[in-house]
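Peer 1: Just so it is clear, I am handing over query_21.txt, which has compact mmCIF, N, CA and C atoms.
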# COMPACT_ATOMS: atom_id res chain seq x y z
N MET X 1 -11.54 -19.31 8.41
CA MET X 1 -11.41 -18.42 9.54
C MET X 1 -10.05 -18.65 10.20
N ILE X 2 -9.37 -17.58 10.50
CA ILE X 2 -8.06 -17.73 11.11
C ILE X 2 -8.21 -17.86 12.63
N ASP X 3 -7.32 -18.65 13.22
CA ASP X 3 -7.36 -18.88 14.66
C ASP X 3 -6.16 -18.21 15.32
N ALA X 4 -5.98 -18.47 16.61
CA ALA X 4 -4.91 -17.82 17.38
C ALA X 4 -3.52 -18.18 16.84
N ILE X 5 -3.34 -19.41 16.38
CA ILE X 5 -2.03 -19.80 15.85
C ILE X 5 -1.75 -19.07 14.54
N ASP X 6 -2.77 -18.99 13.67
CA ASP X 6 -2.60 -18.23 12.43
C ASP X 6 -2.25 -16.78 12.73
N ARG X 7 -2.92 -16.19 13.71
CA ARG X 7 -2.63 -14.80 14.09
C ARG X 7 -1.18 -14.67 14.58
N SER X 8 -0.73 -15.65 15.31
CA SER X 8 0.65 -15.64 15.78
C SER X 8 1.63 -15.72 14.61
N ILE X 9 1.32 -16.56 13.65
CA ILE X 9 2.14 -16.66 12.44
C ILE X 9 2.19 -15.31 11.73
N LEU X 10 1.03 -14.68 11.58
CA LEU X 10 0.95 -13.39 10.89
C LEU X 10 1.70 -12.30 11.65
N ARG X 11 1.57 -12.28 12.97
CA ARG X 11 2.32 -11.29 13.78
C ARG X 11 3.82 -11.45 13.56
N SER X 12 4.28 -12.69 13.59
CA SER X 12 5.71 -12.95 13.43
C SER X 12 6.19 -12.54 12.05
N LEU X 13 5.43 -12.86 11.02
CA LEU X 13 5.85 -12.52 9.65
C LEU X 13 5.80 -11.02 9.38
N GLN X 14 4.89 -10.31 10.05
CA GLN X 14 4.87 -8.86 9.88
C GLN X 14 6.16 -8.24 10.43
N LYS X 15 6.73 -8.83 11.45
CA LYS X 15 7.97 -8.33 12.02
C LYS X 15 9.18 -8.72 11.17
N ASP X 16 9.13 -9.95 10.61
CA ASP X 16 10.26 -10.46 9.83
C ASP X 16 9.73 -11.39 8.75
N GLY X 17 9.48 -10.86 7.58
CA GLY X 17 8.95 -11.64 6.47
C GLY X 17 9.93 -12.62 5.88
N ARG X 18 11.21 -12.52 6.25
CA ARG X 18 12.23 -13.45 5.75
C ARG X 18 12.52 -14.57 6.73
N MET X 19 11.75 -14.66 7.78
CA MET X 19 11.94 -15.68 8.80
C MET X 19 11.85 -17.07 8.17
N THR X 20 12.75 -17.94 8.53
CA THR X 20 12.72 -19.31 8.01
C THR X 20 11.53 -20.05 8.60
N ALA X 21 11.09 -21.09 7.90
CA ALA X 21 9.97 -21.90 8.40
C ALA X 21 10.31 -22.51 9.75
N THR X 22 11.55 -22.89 9.94
CA THR X 22 11.98 -23.48 11.21
C THR X 22 11.87 -22.46 12.33
N ALA X 23 12.36 -21.25 12.10
CA ALA X 23 12.29 -20.20 13.12
C ALA X 23 10.85 -19.80 13.39
N LEU X 24 10.05 -19.71 12.33
CA LEU X 24 8.63 -19.37 12.49
C LEU X 24 7.92 -20.43 13.31
N ALA X 25 8.15 -21.68 13.00
CA ALA X 25 7.51 -22.78 13.74
C ALA X 25 7.88 -22.72 15.21
N ALA X 26 9.15 -22.48 15.50
CA ALA X 26 9.59 -22.40 16.89
C ALA X 26 8.94 -21.23 17.61
N GLU X 27 8.82 -20.11 16.91
CA GLU X 27 8.25 -18.92 17.53
C GLU X 27 6.77 -19.08 17.86
N VAL X 28 6.04 -19.82 17.01
CA VAL X 28 4.60 -19.97 17.24
C VAL X 28 4.25 -21.27 17.96
N GLY X 29 5.25 -22.08 18.28
CA GLY X 29 5.02 -23.28 19.07
C GLY X 29 4.50 -24.47 18.28
N LEU X 30 4.92 -24.59 17.02
CA LEU X 30 4.53 -25.73 16.19
C LEU X 30 5.78 -26.43 15.67
N THR X 31 5.59 -27.62 15.15
CA THR X 31 6.67 -28.25 14.40
C THR X 31 6.63 -27.69 12.99
N VAL X 32 7.67 -27.93 12.22
CA VAL X 32 7.80 -27.29 10.91
C VAL X 32 6.68 -27.68 9.95
N ALA X 33 6.33 -28.96 9.86
CA ALA X 33 5.33 -29.40 8.87
C ALA X 33 3.97 -28.72 9.07
N PRO X 34 3.37 -28.74 10.26
CA PRO X 34 2.08 -28.06 10.41
C PRO X 34 2.18 -26.55 10.25
N CYS X 35 3.29 -25.96 10.66
CA CYS X 35 3.48 -24.52 10.48
C CYS X 35 3.54 -24.19 8.99
N HIS X 36 4.30 -24.98 8.23
CA HIS X 36 4.41 -24.77 6.79
C HIS X 36 3.05 -24.92 6.11
N ARG X 37 2.28 -25.91 6.52
CA ARG X 37 0.94 -26.14 5.96
C ARG X 37 0.04 -24.94 6.24
N ARG X 38 0.07 -24.43 7.46
CA ARG X 38 -0.74 -23.25 7.81
C ARG X 38 -0.31 -22.03 6.98
N LEU X 39 1.00 -21.88 6.83
CA LEU X 39 1.53 -20.76 6.05
C LEU X 39 1.03 -20.84 4.61
N LYS X 40 1.11 -22.02 4.01
CA LYS X 40 0.64 -22.20 2.63
C LYS X 40 -0.87 -21.95 2.52
N ASP X 41 -1.63 -22.37 3.53
CA ASP X 41 -3.08 -22.12 3.53
C ASP X 41 -3.37 -20.62 3.62
N LEU X 42 -2.62 -19.90 4.46
CA LEU X 42 -2.81 -18.45 4.58
C LEU X 42 -2.49 -17.76 3.26
N GLU X 43 -1.47 -18.23 2.56
CA GLU X 43 -1.14 -17.68 1.24
C GLU X 43 -2.22 -18.02 0.23
N ALA X 44 -2.66 -19.27 0.18
CA ALA X 44 -3.66 -19.71 -0.80
C ALA X 44 -5.00 -19.01 -0.58
N ASP X 45 -5.34 -18.73 0.68
CA ASP X 45 -6.61 -18.07 0.98
C ASP X 45 -6.55 -16.56 0.79
N GLY X 46 -5.37 -16.04 0.45
CA GLY X 46 -5.22 -14.60 0.22
C GLY X 46 -5.06 -13.79 1.48
N VAL X 47 -4.92 -14.44 2.63
CA VAL X 47 -4.68 -13.70 3.87
C VAL X 47 -3.30 -13.05 3.80
N ILE X 48 -2.31 -13.81 3.35
CA ILE X 48 -0.99 -13.27 3.06
C ILE X 48 -0.98 -12.97 1.56
N ARG X 49 -0.90 -11.69 1.23
CA ARG X 49 -0.98 -11.28 -0.17
C ARG X 49 0.37 -11.27 -0.87
N GLY X 50 1.46 -11.33 -0.12
CA GLY X 50 2.77 -11.33 -0.75
C GLY X 50 3.85 -10.97 0.24
N TYR X 51 5.06 -10.97 -0.24
CA TYR X 51 6.24 -10.63 0.56
C TYR X 51 7.03 -9.60 -0.22
N ARG X 52 7.62 -8.65 0.50
CA ARG X 52 8.45 -7.66 -0.18
C ARG X 52 9.42 -7.03 0.79
N ALA X 53 10.41 -6.38 0.23
CA ALA X 53 11.39 -5.66 1.04
C ALA X 53 10.88 -4.26 1.31
N GLU X 54 11.11 -3.76 2.51
CA GLU X 54 10.79 -2.38 2.84
C GLU X 54 12.03 -1.56 2.51
N VAL X 55 11.93 -0.68 1.53
CA VAL X 55 13.07 0.06 1.00
C VAL X 55 13.08 1.47 1.56
N ASP X 56 14.24 1.94 2.00
CA ASP X 56 14.40 3.31 2.47
C ASP X 56 14.36 4.25 1.27
N LEU X 57 13.36 5.12 1.22
CA LEU X 57 13.16 6.00 0.07
C LEU X 57 14.35 6.93 -0.17
N GLN X 58 14.91 7.49 0.88
CA GLN X 58 16.06 8.39 0.74
C GLN X 58 17.22 7.68 0.06
N SER X 59 17.46 6.44 0.45
CA SER X 59 18.60 5.68 -0.07
C SER X 59 18.51 5.42 -1.57
N VAL X 60 17.31 5.42 -2.11
CA VAL X 60 17.13 5.16 -3.55
C VAL X 60 16.73 6.42 -4.31
N GLY X 61 16.92 7.58 -3.67
CA GLY X 61 16.68 8.84 -4.36
C GLY X 61 15.22 9.23 -4.52
N LEU X 62 14.34 8.70 -3.68
CA LEU X 62 12.92 9.05 -3.75
C LEU X 62 12.44 9.61 -2.42
N GLY X 63 13.23 10.51 -1.85
CA GLY X 63 12.96 11.03 -0.52
C GLY X 63 11.90 12.11 -0.46
N PHE X 64 11.34 12.51 -1.58
CA PHE X 64 10.30 13.54 -1.58
C PHE X 64 8.94 12.86 -1.65
N GLY X 65 8.10 13.13 -0.68
CA GLY X 65 6.77 12.52 -0.67
C GLY X 65 5.70 13.58 -0.63
N ALA X 66 4.57 13.26 -1.23
CA ALA X 66 3.42 14.17 -1.21
C ALA X 66 2.14 13.36 -1.14
N LEU X 67 1.16 13.94 -0.48
CA LEU X 67 -0.19 13.37 -0.45
C LEU X 67 -1.04 14.23 -1.37
N VAL X 68 -1.75 13.56 -2.26
CA VAL X 68 -2.55 14.28 -3.25
C VAL X 68 -4.00 13.86 -3.10
N PHE X 69 -4.85 14.85 -2.88
CA PHE X 69 -6.28 14.61 -2.77
C PHE X 69 -6.90 14.87 -4.14
N VAL X 70 -7.74 13.94 -4.59
CA VAL X 70 -8.31 14.02 -5.92
C VAL X 70 -9.83 14.04 -5.84
N THR X 71 -10.42 14.99 -6.54
CA THR X 71 -11.87 15.04 -6.71
C THR X 71 -12.15 14.80 -8.19
N LEU X 72 -13.02 13.84 -8.46
CA LEU X 72 -13.37 13.54 -9.86
C LEU X 72 -14.52 14.42 -10.33
N ARG X 73 -14.58 14.65 -11.65
CA ARG X 73 -15.68 15.40 -12.26
C ARG X 73 -16.99 14.67 -12.11
N GLU X 74 -16.92 13.36 -12.25
CA GLU X 74 -18.10 12.50 -12.14
C GLU X 74 -17.67 11.16 -11.58
N THR X 75 -18.62 10.43 -11.05
CA THR X 75 -18.28 9.14 -10.44
C THR X 75 -19.02 7.99 -11.12
N SER X 76 -19.06 8.05 -12.44
CA SER X 76 -19.64 6.93 -13.19
C SER X 76 -18.69 5.74 -13.10
N GLN X 77 -19.21 4.56 -13.33
CA GLN X 77 -18.37 3.36 -13.29
C GLN X 77 -17.22 3.44 -14.28
N GLU X 78 -17.48 3.98 -15.45
CA GLU X 78 -16.44 4.08 -16.48
C GLU X 78 -15.32 5.03 -16.03
N THR X 79 -15.69 6.17 -15.47
CA THR X 79 -14.70 7.14 -15.01
C THR X 79 -13.88 6.56 -13.86
N ILE X 80 -14.54 5.94 -12.92
CA ILE X 80 -13.84 5.35 -11.77
C ILE X 80 -12.88 4.27 -12.25
N ARG X 81 -13.34 3.41 -13.13
CA ARG X 81 -12.49 2.32 -13.64
C ARG X 81 -11.28 2.89 -14.37
N ALA X 82 -11.49 3.88 -15.23
CA ALA X 82 -10.38 4.47 -16.00
C ALA X 82 -9.40 5.17 -15.06
N PHE X 83 -9.92 5.91 -14.09
CA PHE X 83 -9.06 6.60 -13.13
C PHE X 83 -8.25 5.59 -12.33
N GLU X 84 -8.90 4.58 -11.78
CA GLU X 84 -8.20 3.61 -10.94
C GLU X 84 -7.18 2.80 -11.72
N ASP X 85 -7.48 2.45 -12.96
CA ASP X 85 -6.51 1.73 -13.80
C ASP X 85 -5.27 2.59 -14.04
N ALA X 86 -5.47 3.88 -14.29
CA ALA X 86 -4.35 4.79 -14.53
C ALA X 86 -3.52 4.98 -13.26
N VAL X 87 -4.17 5.05 -12.12
CA VAL X 87 -3.46 5.20 -10.84
C VAL X 87 -2.60 3.97 -10.58
N VAL X 88 -3.16 2.79 -10.77
CA VAL X 88 -2.41 1.55 -10.55
C VAL X 88 -1.19 1.48 -11.47
N ALA X 89 -1.30 2.00 -12.67
CA ALA X 89 -0.21 1.93 -13.65
C ALA X 89 0.91 2.93 -13.37
N GLU X 90 0.65 3.97 -12.59
CA GLU X 90 1.66 5.01 -12.33
C GLU X 90 2.57 4.58 -11.18
N GLU X 91 3.84 4.34 -11.47
CA GLU X 91 4.79 3.84 -10.48
C GLU X 91 5.06 4.80 -9.33
N GLN X 92 4.98 6.09 -9.56
CA GLN X 92 5.28 7.05 -8.50
C GLN X 92 4.12 7.24 -7.53
N ILE X 93 2.96 6.67 -7.83
CA ILE X 93 1.86 6.61 -6.87
C ILE X 93 2.03 5.30 -6.13
N VAL X 94 2.45 5.38 -4.87
CA VAL X 94 2.79 4.17 -4.12
C VAL X 94 1.67 3.67 -3.22
N GLU X 95 0.70 4.53 -2.94
CA GLU X 95 -0.49 4.13 -2.19
C GLU X 95 -1.65 4.92 -2.75
N ALA X 96 -2.83 4.31 -2.76
CA ALA X 96 -4.02 5.00 -3.25
C ALA X 96 -5.24 4.49 -2.50
N TYR X 97 -6.08 5.43 -2.09
CA TYR X 97 -7.26 5.10 -1.31
C TYR X 97 -8.48 5.80 -1.90
N ARG X 98 -9.56 5.05 -2.10
CA ARG X 98 -10.83 5.65 -2.47
C ARG X 98 -11.52 6.02 -1.17
N LEU X 99 -12.02 7.23 -1.09
CA LEU X 99 -12.59 7.77 0.14
C LEU X 99 -14.10 7.96 0.02
N PHE X 100 -14.77 7.97 1.16
CA PHE X 100 -16.17 8.40 1.20
C PHE X 100 -16.17 9.91 1.32
N GLY X 101 -17.11 10.56 0.69
CA GLY X 101 -17.21 12.01 0.79
C GLY X 101 -16.27 12.71 -0.17
N ASP X 102 -15.91 13.94 0.20
CA ASP X 102 -15.08 14.76 -0.65
C ASP X 102 -13.75 14.99 0.06
N PRO X 103 -12.63 14.75 -0.54
CA PRO X 103 -12.38 14.35 -1.92
C PRO X 103 -12.66 12.86 -2.15
N ASP X 104 -12.51 12.46 -3.40
CA ASP X 104 -12.82 11.08 -3.78
C ASP X 104 -11.67 10.12 -3.52
N TYR X 105 -10.42 10.59 -3.64
CA TYR X 105 -9.25 9.72 -3.50
C TYR X 105 -8.14 10.43 -2.76
N LEU X 106 -7.28 9.63 -2.13
CA LEU X 106 -6.04 10.10 -1.55
C LEU X 106 -4.92 9.27 -2.15
N LEU X 107 -3.93 9.94 -2.74
CA LEU X 107 -2.79 9.27 -3.36
C LEU X 107 -1.52 9.65 -2.61
N LYS X 108 -0.69 8.67 -2.34
CA LYS X 108 0.64 8.95 -1.78
C LYS X 108 1.63 8.79 -2.92
N CYS X 109 2.37 9.86 -3.19
CA CYS X 109 3.30 9.88 -4.32
C CYS X 109 4.72 10.08 -3.81
N VAL X 110 5.67 9.55 -4.57
CA VAL X 110 7.08 9.76 -4.27
C VAL X 110 7.76 10.34 -5.50
N ALA X 111 8.83 11.10 -5.23
CA ALA X 111 9.60 11.71 -6.32
C ALA X 111 11.02 11.95 -5.81
N THR X 112 11.90 12.32 -6.73
CA THR X 112 13.28 12.60 -6.36
C THR X 112 13.39 13.88 -5.55
N ASP X 113 12.61 14.88 -5.92
CA ASP X 113 12.66 16.19 -5.28
C ASP X 113 11.43 16.98 -5.69
N LEU X 114 11.36 18.24 -5.30
CA LEU X 114 10.21 19.07 -5.63
C LEU X 114 10.01 19.19 -7.15
N ALA X 115 11.09 19.38 -7.88
CA ALA X 115 10.98 19.48 -9.34
C ALA X 115 10.45 18.18 -9.95
N GLY X 116 10.89 17.05 -9.41
CA GLY X 116 10.40 15.76 -9.88
C GLY X 116 8.92 15.59 -9.58
N PHE X 117 8.49 16.06 -8.41
CA PHE X 117 7.06 15.98 -8.08
C PHE X 117 6.26 16.91 -8.98
N GLN X 118 6.79 18.08 -9.26
CA GLN X 118 6.07 19.01 -10.14
C GLN X 118 5.87 18.38 -11.51
N THR X 119 6.87 17.70 -12.02
CA THR X 119 6.74 17.01 -13.31
C THR X 119 5.66 15.93 -13.23
N LEU X 120 5.70 15.12 -12.17
CA LEU X 120 4.67 14.10 -11.98
C LEU X 120 3.29 14.73 -11.92
N TYR X 121 3.16 15.79 -11.16
CA TYR X 121 1.88 16.47 -10.98
C TYR X 121 1.35 17.01 -12.31
N ASP X 122 2.23 17.73 -13.03
CA ASP X 122 1.80 18.38 -14.27
C ASP X 122 1.55 17.41 -15.41
N THR X 123 2.38 16.37 -15.53
CA THR X 123 2.29 15.50 -16.70
C THR X 123 1.46 14.23 -16.47
N HIS X 124 1.37 13.77 -15.23
CA HIS X 124 0.66 12.51 -14.99
C HIS X 124 -0.60 12.68 -14.14
N LEU X 125 -0.46 13.33 -12.99
CA LEU X 125 -1.60 13.44 -12.08
C LEU X 125 -2.71 14.30 -12.67
N ALA X 126 -2.36 15.44 -13.22
CA ALA X 126 -3.37 16.32 -13.81
C ALA X 126 -4.03 15.69 -15.03
N ALA X 127 -3.37 14.71 -15.64
CA ALA X 127 -3.90 14.05 -16.83
C ALA X 127 -4.68 12.77 -16.52
N LEU X 128 -4.80 12.42 -15.24
CA LEU X 128 -5.55 11.22 -14.90
C LEU X 128 -6.99 11.36 -15.35
N PRO X 129 -7.60 10.29 -15.83
CA PRO X 129 -8.98 10.37 -16.34
C PRO X 129 -9.97 10.86 -15.28
N GLY X 130 -10.80 11.81 -15.67
CA GLY X 130 -11.90 12.26 -14.84
C GLY X 130 -11.55 13.25 -13.74
N VAL X 131 -10.32 13.72 -13.67
CA VAL X 131 -9.92 14.60 -12.57
C VAL X 131 -10.54 15.98 -12.74
N ALA X 132 -11.20 16.44 -11.68
CA ALA X 132 -11.74 17.80 -11.65
C ALA X 132 -10.83 18.70 -10.83
N LYS X 133 -10.26 18.14 -9.73
CA LYS X 133 -9.47 18.98 -8.83
C LYS X 133 -8.40 18.13 -8.15
N LEU X 134 -7.20 18.69 -8.05
CA LEU X 134 -6.11 18.09 -7.30
C LEU X 134 -5.70 19.07 -6.21
N SER X 135 -5.40 18.54 -5.05
CA SER X 135 -4.88 19.34 -3.96
C SER X 135 -3.79 18.51 -3.29
N SER X 136 -2.62 19.09 -3.09
CA SER X 136 -1.52 18.29 -2.55
C SER X 136 -0.89 18.96 -1.34
N THR X 137 -0.24 18.13 -0.56
CA THR X 137 0.52 18.60 0.59
C THR X 137 1.80 17.78 0.67
N ILE X 138 2.86 18.40 1.07
CA ILE X 138 4.16 17.73 1.12
C ILE X 138 4.30 16.98 2.45
N VAL X 139 4.83 15.78 2.36
CA VAL X 139 5.09 14.98 3.56
C VAL X 139 6.36 15.50 4.20
N MET X 140 6.26 15.95 5.45
CA MET X 140 7.42 16.45 6.16
C MET X 140 8.27 15.30 6.69
N ARG X 141 7.60 14.29 7.27
CA ARG X 141 8.31 13.15 7.83
C ARG X 141 7.34 11.99 7.92
N ASP X 142 7.82 10.81 7.57
CA ASP X 142 7.03 9.59 7.67
C ASP X 142 7.27 9.00 9.05
N LEU X 143 6.29 9.12 9.93
CA LEU X 143 6.45 8.68 11.31
C LEU X 143 6.26 7.18 11.50
N LYS X 144 5.40 6.58 10.69
CA LYS X 144 5.06 5.20 10.94
C LYS X 144 5.19 4.32 9.71
N GLY X 145 5.01 4.84 8.53
CA GLY X 145 5.11 4.02 7.33
C GLY X 145 4.01 2.99 7.27
N ALA X 146 4.26 1.93 6.53
CA ALA X 146 3.28 0.85 6.42
C ALA X 146 3.22 0.13 7.76
N GLY X 147 2.15 0.34 8.48
CA GLY X 147 2.04 -0.19 9.83
C GLY X 147 1.83 -1.70 9.89
N VAL X 148 2.08 -2.22 11.06
CA VAL X 148 1.85 -3.63 11.36
C VAL X 148 0.43 -3.74 11.88
N LEU X 149 -0.33 -4.71 11.39
CA LEU X 149 -1.70 -4.88 11.84
C LEU X 149 -1.72 -5.39 13.28
N PRO X 150 -2.66 -4.90 14.07
CA PRO X 150 -2.75 -5.31 15.47
C PRO X 150 -3.44 -6.67 15.61
N LEU X 151 -2.68 -7.72 15.40
CA LEU X 151 -3.23 -9.07 15.47
C LEU X 151 -2.99 -9.64 16.85
Represent the structure contained in this file as structure tokens.

Peer 2:
Amino acid sequence: MIDAIDRSILRSLQKDGRMTATALAAEVGLTVAPCHRRLKDLEADGVIRGYRAEVDLQSVGLGFGALVFVTLRETSQETIRAFEDAVVAEEQIVEAYRLFGDPDYLLKCVATDLAGFQTLYDTHLAALPGVAKLSSTIVMRDLKGAGVLPL
């Protein structure tokens, strides 16, 4: 179970994942050794799942975003497993959520432009296992992105 100090560590790292152990310890009011131990425990317990850079999509030529709603033909375990494995393997699907009700999934996709998204849609999304229906909408602007958890 995480406590107030762990939450403080997590809040700080959500703001700056490259923070040094010394700076992190100072910010949360610990010395370096116990802070480092807590950090390693949070990583080992899977509370911290990883570290990564937040990349500006426009700067790397992937400024076109779309949300795609997916309804499956059937929801057998085999179909769900095959669909989810294929979604995880597709690099242009950057977020994926299984939903309650209809539709079954929400996918966030990125592409270079509309033509690039059309290619993704026609050649990859429509070919995902078990798909009965796809419905998409274009992202006009990303207001918040990957949010910080309210710890």

Peer 1: Compare X:Glu78, X:Thr123, X:Phe69, X:Phe83 by their minimum atom-to-atom distance to X:Gly101, counting only C-alpha atoms, and give me the closest one.

Peer 2: X:Phe69

Peer 1: Which residue gives the smallest distance to X:Val139 among X:Ala4, X:Leu67, X:Leu125, X:Ala53, with only N, CA and C atoms counted?

Peer 2: X:Leu67

Peer 1: If you run DSSP on the backbone here, which positions in chain X get helix (DSSP H, G or I)? Please write them as a ChimeraX atom specification.

Peer 2: /X:4-15,21-28,32-44,58-60,77-89,114-125

Peer 1: If you measure from atom C of X:Ala127 to atom CA of X:Glu84, what distance in Å do you get, rounded to one decimal?

Peer 2: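 According to the coordinates, atom C of X:Ala127 and atom CA of X:Glu84 are separated by 11.3 Å.
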
Peer 1: Provide the atom CA of X:Leu24 to atom CA of X:Asp41 distance in Å, to one decimal place.

Peer 2: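 Between atom CA of X:Leu24 and atom CA of X:Asp41 the gap is 15.0 Å.
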
Peer 1: Taking (4.6, 18.5, -1.8) in the file's own coordinates, collect the residues within 8 Å, counting only C-alpha atoms, and hand them back as a PDB file with N, CA and C atoms, keeping the file's coordinate frame.

Peer 2:
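File produced: part_19.pdb:
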ATOM      1  N   PHE X  64      11.340  12.510  -1.580  1.00  0.00           N
ATOM      2  CA  PHE X  64      10.300  13.540  -1.580  1.00  0.00           C
ATOM      3  C   PHE X  64       8.940  12.860  -1.650  1.00  0.00           C
ATOM      4  N   GLY X  65       8.100  13.130  -0.680  1.00  0.00           N
ATOM      5  CA  GLY X  65       6.770  12.520  -0.670  1.00  0.00           C
ATOM      6  C   GLY X  65       5.700  13.580  -0.630  1.00  0.00           C
ATOM      7  N   ALA X  66       4.570  13.260  -1.230  1.00  0.00           N
ATOM      8  CA  ALA X  66       3.420  14.170  -1.210  1.00  0.00           C
ATOM      9  C   ALA X  66       2.140  13.360  -1.140  1.00  0.00           C
ATOM     10  N   LEU X  67       1.160  13.940  -0.480  1.00  0.00           N
ATOM     11  CA  LEU X  67      -0.190  13.370  -0.450  1.00  0.00           C
ATOM     12  C   LEU X  67      -1.040  14.230  -1.370  1.00  0.00           C
ATOM     13  N   LEU X 114      11.360  18.240  -5.300  1.00  0.00           N
ATOM     14  CA  LEU X 114      10.210  19.070  -5.630  1.00  0.00           C
ATOM     15  C   LEU X 114      10.010  19.190  -7.150  1.00  0.00           C
ATOM     16  N   PHE X 117       8.490  16.060  -8.410  1.00  0.00           N
ATOM     17  CA  PHE X 117       7.060  15.980  -8.080  1.00  0.00           C
ATOM     18  C   PHE X 117       6.260  16.910  -8.980  1.00  0.00           C
ATOM     19  N   SER X 136      -2.620  19.090  -3.090  1.00  0.00           N
ATOM     20  CA  SER X 136      -1.520  18.290  -2.550  1.00  0.00           C
ATOM     21  C   SER X 136      -0.890  18.960  -1.340  1.00  0.00           C
ATOM     22  N   THR X 137      -0.240  18.130  -0.560  1.00  0.00           N
ATOM     23  CA  THR X 137       0.520  18.600   0.590  1.00  0.00           C
ATOM     24  C   THR X 137       1.800  17.780   0.670  1.00  0.00           C
ATOM     25  N   ILE X 138       2.860  18.400   1.070  1.00  0.00           N
ATOM     26  CA  ILE X 138       4.160  17.730   1.120  1.00  0.00           C
ATOM     27  C   ILE X 138       4.300  16.980   2.450  1.00  0.00           C
ATOM     28  N   VAL X 139       4.830  15.780   2.360  1.00  0.00           N
ATOM     29  CA  VAL X 139       5.090  14.980   3.560  1.00  0.00           C
ATOM     30  C   VAL X 139       6.360  15.500   4.200  1.00  0.00           C
TER      31      VAL X 139
END

Peer 1: Could you please fill out stretch 130-143 of chain X with N, CA, C and O atoms and send it back as an mmCIF file, in the frame of the given file?

Peer 2:
data_model
loop_
_atom_site.group_PDB
_atom_site.id
_atom_site.type_symbol
_atom_site.label_atom_id
_atom_site.label_comp_id
_atom_site.auth_asym_id
_atom_site.auth_seq_id
_atom_site.Cartn_x
_atom_site.Cartn_y
_atom_site.Cartn_z
ATOM 1 N N GLY X 130 -10.800 11.810 -15.670
ATOM 2 C CA GLY X 130 -11.900 12.260 -14.840
ATOM 3 C C GLY X 130 -11.550 13.250 -13.740
ATOM 4 O O GLY X 130 -12.423 13.626 -12.948
ATOM 5 N N VAL X 131 -10.320 13.720 -13.670
ATOM 6 C CA VAL X 131 -9.920 14.600 -12.570
ATOM 7 C C VAL X 131 -10.540 15.980 -12.740
ATOM 8 O O VAL X 131 -10.409 16.612 -13.782
ATOM 9 N N ALA X 132 -11.200 16.440 -11.680
ATOM 10 C CA ALA X 132 -11.740 17.800 -11.650
ATOM 11 C C ALA X 132 -10.830 18.700 -10.830
ATOM 12 O O ALA X 132 -10.630 19.865 -11.162
ATOM 13 N N LYS X 133 -10.260 18.140 -9.730
ATOM 14 C CA LYS X 133 -9.470 18.980 -8.830
ATOM 15 C C LYS X 133 -8.400 18.130 -8.150
ATOM 16 O O LYS X 133 -8.664 16.998 -7.729
ATOM 17 N N LEU X 134 -7.200 18.690 -8.050
ATOM 18 C CA LEU X 134 -6.110 18.090 -7.300
ATOM 19 C C LEU X 134 -5.700 19.070 -6.210
ATOM 20 O O LEU X 134 -5.649 20.279 -6.434
ATOM 21 N N SER X 135 -5.400 18.540 -5.050
ATOM 22 C CA SER X 135 -4.880 19.340 -3.960
ATOM 23 C C SER X 135 -3.790 18.510 -3.290
ATOM 24 O O SER X 135 -4.005 17.338 -2.974
ATOM 25 N N SER X 136 -2.620 19.090 -3.090
ATOM 26 C CA SER X 136 -1.520 18.290 -2.550
ATOM 27 C C SER X 136 -0.890 18.960 -1.340
ATOM 28 O O SER X 136 -0.980 20.172 -1.149
ATOM 29 N N THR X 137 -0.240 18.130 -0.560
ATOM 30 C CA THR X 137 0.520 18.600 0.590
ATOM 31 C C THR X 137 1.800 17.780 0.670
ATOM 32 O O THR X 137 1.794 16.593 0.314
ATOM 33 N N ILE X 138 2.860 18.400 1.070
ATOM 34 C CA ILE X 138 4.160 17.730 1.120
ATOM 35 C C ILE X 138 4.300 16.980 2.450
ATOM 36 O O ILE X 138 3.933 17.486 3.508
ATOM 37 N N VAL X 139 4.830 15.780 2.360
ATOM 38 C CA VAL X 139 5.090 14.980 3.560
ATOM 39 C C VAL X 139 6.360 15.500 4.200
ATOM 40 O O VAL X 139 7.422 15.514 3.575
ATOM 41 N N MET X 140 6.260 15.950 5.450
ATOM 42 C CA MET X 140 7.420 16.450 6.160
ATOM 43 C C MET X 140 8.270 15.300 6.690
ATOM 44 O O MET X 140 9.491 15.296 6.563
ATOM 45 N N ARG X 141 7.600 14.290 7.270
ATOM 46 C CA ARG X 141 8.310 13.150 7.830
ATOM 47 C C ARG X 141 7.340 11.990 7.920
ATOM 48 O O ARG X 141 6.198 12.152 8.313
ATOM 49 N N ASP X 142 7.820 10.810 7.570
ATOM 50 C CA ASP X 142 7.030 9.590 7.670
ATOM 51 C C ASP X 142 7.270 9.000 9.050
ATOM 52 O O ASP X 142 8.342 8.464 9.331
ATOM 53 N N LEU X 143 6.290 9.120 9.930
ATOM 54 C CA LEU X 143 6.450 8.680 11.310
ATOM 55 C C LEU X 143 6.260 7.180 11.500
ATOM 56 O O LEU X 143 6.891 6.584 12.358
#
